[in-house]
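A quick write-up on the structure given underneath.
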Amino acid sequence: MSKSPTISFIGAGNMASAIIGGMLDSGYQANDIWVSAPADDHLQTIRKRFGVSVTTDNRYCAQQADIVVLAVKPQVMAEVCSDIAPVVQNTRPLMVSIAAGLTVETLDQWLGGGMPLVRVMPNTPSLVGKGAAGLFANDQVKTDQKDAVQSMFESVGTALWVDDENLLHGVTALSGSGPAYFFLMLEALEEAATAAGITPATARELAIQTMAGAAEMAGRSDQDPAQLKRNVMSPGGTTEQAVNTFEEGGLRDLVKKAYGAAFERSRVMSREMADKQ
Ligand SMILES: NC(=O)C1=CN([C@@H]2O[C@H](COP(=O)(O)OP(=O)(O)OC[C@H]3O[C@@H](n4cnc5c(N)ncnc54)[C@H](OP(=O)(O)O)[C@@H]3O)[C@@H](O)[C@H]2O)C=CC1
Ligand SMILES: O=C(O)[C@@H]1CCC=N1
């Protein structure tokens with residue numbers, strides 16, 4: 001792909017918007033991007049926000065593209081794929097799916113077979129260039145196509161390949177769903193601080209800055225998170241009390257359980273969708 005590729009998004013929701021917003025901020029051109037979805041009012045919002053081309057016709061959208069990004073919910077993916085299959089079998093773009101729990105094999109069958117397919121598990125912080133994505137390619141994907149999809153997701157954050165598709169269940173439960181875990185922590189901290197008398201606005205600002213600062217430090221430091229945590233815990237001080245409370249309350253087991261629930265849901269979705277054929 002020597003010239004900049006034309007990229008079509010089928011689906012115009014949270015995740016498509018996050019990726020498109022991040023891509024435009026990092027230098028992709030709006031006139032190389034198409035988006036389709038059923039609701040014209042959503043499309044008009046996207047068009048006004050990003051300046052991309054929009055259509056309610058998925059086939060027309062797919063036909064424009066070197067890369068087609070399937071950004072609809074897993075439950076409507078079968079219908080969307082069989083609708084665009086005749087077009088993409090003819091034009092042979094690289095197909096990229098961001099759907100949780102849908103294997104390349106299932107997607108390829110819905111698309112009529114033999115398509116180059118990359119599965120990506122991205123996350124919503126892509127919108128601010130801080131995304132974290134896991135990628136897996138099937139055998140039909142050529143090196144230049146791999147490079148193109150890697151560039152696309154690197155433009156909105158970190159993009160790492162996995163060589164076994166099953167590992168994407170673990171990526172989904174980690175970075176795909178992960179932003180929600182940290183938003184939950186922010187909500188809880190904000191509630192606790194507000195109950196102690198700090199104004200909601202101040203509580204939110206301090207909590208967000210603390211989370212961002214801790215993440216930035218963990219990313220840059222030579223020390224592992226356990227040591228960074230110990231550095232905050234003065235013996236006999238306040239942090240020790242809080243950390244001990246988390247440990248005694250079973251936070252680690254709860255995190256494992258929550259991670260496992262997301263992981264298992266991804267596996268179940270894969271099986272259910274494969275049975276749908
Ligand atoms: N949200 C997240 O954090 C993440 C989501 N994902 C995956 O991304 C995918 C999309 O999720 P998300 O963006 O959250 O979902 P949303 O519900 O926000 O968006 C779904 C989009 O699909 C559109 N749509 C529905 N039916 C069709 C159709 N027949 N043809 C074309 N478009 C259609 C909707 O259209 P309309 O606007 O008209 O309603 C909407 O724009 C899912 O498969 C999910 O697993 C992956 C990683 C993270
Ligand atoms: O909750 C979901 O199913 C999607 C996939 C990962 C994040 N959101």
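Every chain in the structure tokens has a letter given in the order shown (A, B, ...), and although residue numbers restart at 1 in each chain, ligands are simply numbered from 1 in the order shown.
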Please report as a Markdown table every residue of chain A lying within 8 Å of ligand 2, along with the nearest atom pair and their distance in Å (one decimal), using only C-alpha atoms and all ligand atoms.
| residue | atom | partner | partner_atom_place_in_ligand_line | distance |
| --- | --- | --- | --- | --- |
| A:Ala99 | CA | ligand 2 | 5 (C) | 6.8 |
| A:Ala100 | CA | ligand 2 | 5 (C) | 4.9 |
| A:Met121 | CA | ligand 2 | 6 (C) | 7.2 |
| A:Pro122 | CA | ligand 2 | 6 (C) | 7.7 |
| A:Asn123 | CA | ligand 2 | 7 (C) | 6.5 |
| A:Thr172 | CA | ligand 2 | 6 (C) | 5.5 |
| A:Ala173 | CA | ligand 2 | 6 (C) | 7.1 |
| A:Ser175 | CA | ligand 2 | 6 (C) | 7.8 |
| A:Gly176 | CA | ligand 2 | 6 (C) | 4.1 |
| A:Ser177 | CA | ligand 2 | 7 (C) | 4.1 |
| A:Gly178 | CA | ligand 2 | 7 (C) | 7.6 |
| A:Ser266 | CA | ligand 2 | 3 (O) | 7.6 |
Report as JSON, numbers by chain all protein, DNA and RNA residues lying within 12 Å of Glu190 (chain A), evaluated on only C-alpha atoms, omitting residues in the same chain fewer than 4 positions from it. {"A": [183, 184, 185, 186, 194, 195, 196, 197, 198, 199, 200, 201, 202, 203, 204, 205, 206, 207, 208, 210, 211]}
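The spacing separating CA of Leu111 (chain A) from CA of Asn166 (chain A) amounts to 20.9 Å.
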Given only C-alpha atoms as the counted atoms, nearest of A:Val88, A:Ile67, A:Leu117, A:Val243 to Arg230 (chain A):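 Closest residue, counting only C-alpha atoms: A:Val243.
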Excluding region 37-52 of chain A and any residue of its chain fewer than 4 positions from it, enumerate the residues within 10 Å of it, using only C-alpha atoms, and give them as a list of chain:residue names.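 These residues fall inside the cut-off: A:Ser8, A:Phe9, A:Ile10, A:Gly11, A:Ala12, A:Gly13, A:Ala16, A:Ser17, A:Ile20, A:Gly21, A:Leu24, A:Asp25, A:Gln29, A:Ala30, A:Asn31, A:Asp32, A:Ile33, A:Thr56, A:Asp57, A:Asn58, A:Cys61, A:Ala71, A:Val72.
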Residue set, region 7-243 of chain A restricted to alpha helix (DSSP H), as a tab-separated table (two decimals) with C-alpha atoms, in the first residue's frame:
chain	number	residue	atom	x	y	z
A	14	ASN	CA	-17.97	4.54	20.56
A	15	MET	CA	-15.03	2.52	19.30
A	16	ALA	CA	-15.13	3.68	15.66
A	17	SER	CA	-15.31	7.31	16.83
A	18	ALA	CA	-12.41	6.81	19.25
A	19	ILE	CA	-10.17	5.33	16.52
A	20	ILE	CA	-11.15	7.88	13.87
A	21	GLY	CA	-10.62	10.80	16.28
A	22	GLY	CA	-7.18	9.51	17.26
A	23	MET	CA	-6.18	8.83	13.64
A	24	LEU	CA	-7.13	12.33	12.50
A	25	ASP	CA	-5.20	13.89	15.40
A	40	ASP	CA	-28.31	9.01	9.52
A	41	ASP	CA	-28.39	11.40	12.49
A	42	HIS	CA	-25.43	9.56	14.09
A	43	LEU	CA	-23.59	9.71	10.77
A	44	GLN	CA	-24.22	13.44	10.42
A	45	THR	CA	-22.79	13.96	13.93
A	46	ILE	CA	-19.67	12.01	12.91
A	47	ARG	CA	-19.40	13.92	9.62
A	48	LYS	CA	-19.61	17.30	11.40
A	49	ARG	CA	-17.19	16.24	14.14
A	50	PHE	CA	-14.52	14.65	11.95
A	58	ASN	CA	-22.58	-0.56	4.03
A	59	ARG	CA	-21.84	-2.04	0.60
A	60	TYR	CA	-21.04	1.35	-0.90
A	61	CYS	CA	-18.85	2.15	2.12
A	62	ALA	CA	-16.94	-1.15	1.82
A	63	GLN	CA	-16.46	-0.68	-1.92
A	74	PRO	CA	-20.75	-8.94	17.57
A	75	GLN	CA	-24.49	-9.69	17.49
A	76	VAL	CA	-25.03	-7.87	14.15
A	77	MET	CA	-21.72	-8.89	12.56
A	78	ALA	CA	-23.09	-11.95	10.70
A	79	GLU	CA	-25.74	-9.86	8.94
A	80	VAL	CA	-23.26	-7.08	8.12
A	81	CYS	CA	-20.65	-9.51	6.75
A	82	SER	CA	-23.03	-11.43	4.54
A	83	ASP	CA	-24.40	-8.15	3.17
A	84	ILE	CA	-20.96	-6.81	2.14
A	85	ALA	CA	-19.51	-10.22	1.14
A	86	PRO	CA	-20.28	-9.92	-2.60
A	87	VAL	CA	-18.58	-6.50	-2.72
A	88	VAL	CA	-15.42	-7.40	-0.77
A	89	GLN	CA	-15.01	-10.72	-2.58
A	90	ASN	CA	-14.74	-8.58	-5.70
A	91	THR	CA	-12.57	-5.69	-4.42
A	104	VAL	CA	-11.06	-14.91	12.03
A	105	GLU	CA	-12.44	-18.27	10.90
A	106	THR	CA	-16.04	-17.32	11.72
A	107	LEU	CA	-15.65	-13.87	10.15
A	108	ASP	CA	-14.04	-15.30	7.03
A	109	GLN	CA	-16.90	-17.75	6.54
A	110	TRP	CA	-19.45	-14.94	6.87
A	143	THR	CA	3.29	-7.93	4.96
A	144	ASP	CA	2.37	-4.49	3.58
A	145	GLN	CA	-1.20	-4.97	4.85
A	146	LYS	CA	0.11	-5.91	8.30
A	147	ASP	CA	2.26	-2.78	8.24
A	148	ALA	CA	-0.72	-0.64	7.24
A	149	VAL	CA	-2.94	-1.88	10.06
A	150	GLN	CA	-0.09	-1.62	12.56
A	151	SER	CA	0.52	2.02	11.51
A	152	MET	CA	-3.17	2.72	11.89
A	153	PHE	CA	-3.34	1.44	15.47
A	154	GLU	CA	0.08	2.84	16.41
A	167	LEU	CA	-4.48	-14.87	23.38
A	168	LEU	CA	-6.95	-12.21	22.26
A	169	HIS	CA	-9.35	-13.41	25.01
A	170	GLY	CA	-6.71	-12.34	27.52
A	171	VAL	CA	-6.11	-9.04	25.70
A	178	GLY	CA	-9.59	-2.38	31.11
A	179	PRO	CA	-10.47	1.32	30.78
A	180	ALA	CA	-13.77	0.55	32.54
A	181	TYR	CA	-11.90	-0.96	35.50
A	182	PHE	CA	-9.95	2.26	35.99
A	183	PHE	CA	-13.04	4.43	35.48
A	184	LEU	CA	-14.70	2.36	38.23
A	185	MET	CA	-11.71	3.05	40.51
A	186	LEU	CA	-12.02	6.77	39.71
A	187	GLU	CA	-15.75	6.69	40.56
A	188	ALA	CA	-15.07	4.92	43.85
A	189	LEU	CA	-12.23	7.26	44.87
A	190	GLU	CA	-14.31	10.27	43.97
A	191	GLU	CA	-17.23	8.99	46.07
A	192	ALA	CA	-14.97	8.33	49.06
A	193	ALA	CA	-13.27	11.74	48.89
A	194	THR	CA	-16.57	13.56	48.40
A	195	ALA	CA	-17.98	11.80	51.47
A	200	PRO	CA	-16.82	16.64	43.69
A	201	ALA	CA	-14.89	18.75	41.17
A	202	THR	CA	-11.74	18.84	43.28
A	203	ALA	CA	-12.04	15.12	44.11
A	204	ARG	CA	-12.36	14.24	40.43
A	205	GLU	CA	-9.45	16.42	39.34
A	206	LEU	CA	-7.11	15.10	42.04
A	207	ALA	CA	-8.14	11.48	41.42
A	208	ILE	CA	-7.66	11.74	37.64
A	209	GLN	CA	-4.29	13.45	37.98
A	210	THR	CA	-3.19	10.82	40.51
A	211	MET	CA	-4.17	7.96	38.18
A	212	ALA	CA	-2.50	9.64	35.18
A	213	GLY	CA	0.64	10.40	37.23
A	214	ALA	CA	0.87	6.83	38.55
A	215	ALA	CA	0.42	5.40	35.04
A	216	GLU	CA	3.06	7.73	33.58
A	217	MET	CA	5.50	6.85	36.37
A	218	ALA	CA	4.90	3.09	36.00
A	219	GLY	CA	5.56	3.41	32.26
A	220	ARG	CA	8.80	5.37	32.65
A	225	PRO	CA	4.79	-1.55	40.30
A	226	ALA	CA	5.30	-3.40	43.60
A	227	GLN	CA	8.39	-1.26	44.38
A	228	LEU	CA	6.69	1.94	43.23
A	229	LYS	CA	3.86	1.07	45.62
A	230	ARG	CA	6.32	0.47	48.49
A	231	ASN	CA	7.92	3.86	47.76
A	232	VAL	CA	4.60	5.52	48.66
A	238	THR	CA	-1.36	6.45	55.86
A	239	THR	CA	-0.83	4.49	52.63
A	240	GLU	CA	0.10	1.35	54.54
A	241	GLN	CA	-3.33	1.48	56.19
A	242	ALA	CA	-5.11	1.83	52.84
A	243	VAL	CA	-3.05	-0.84	51.03
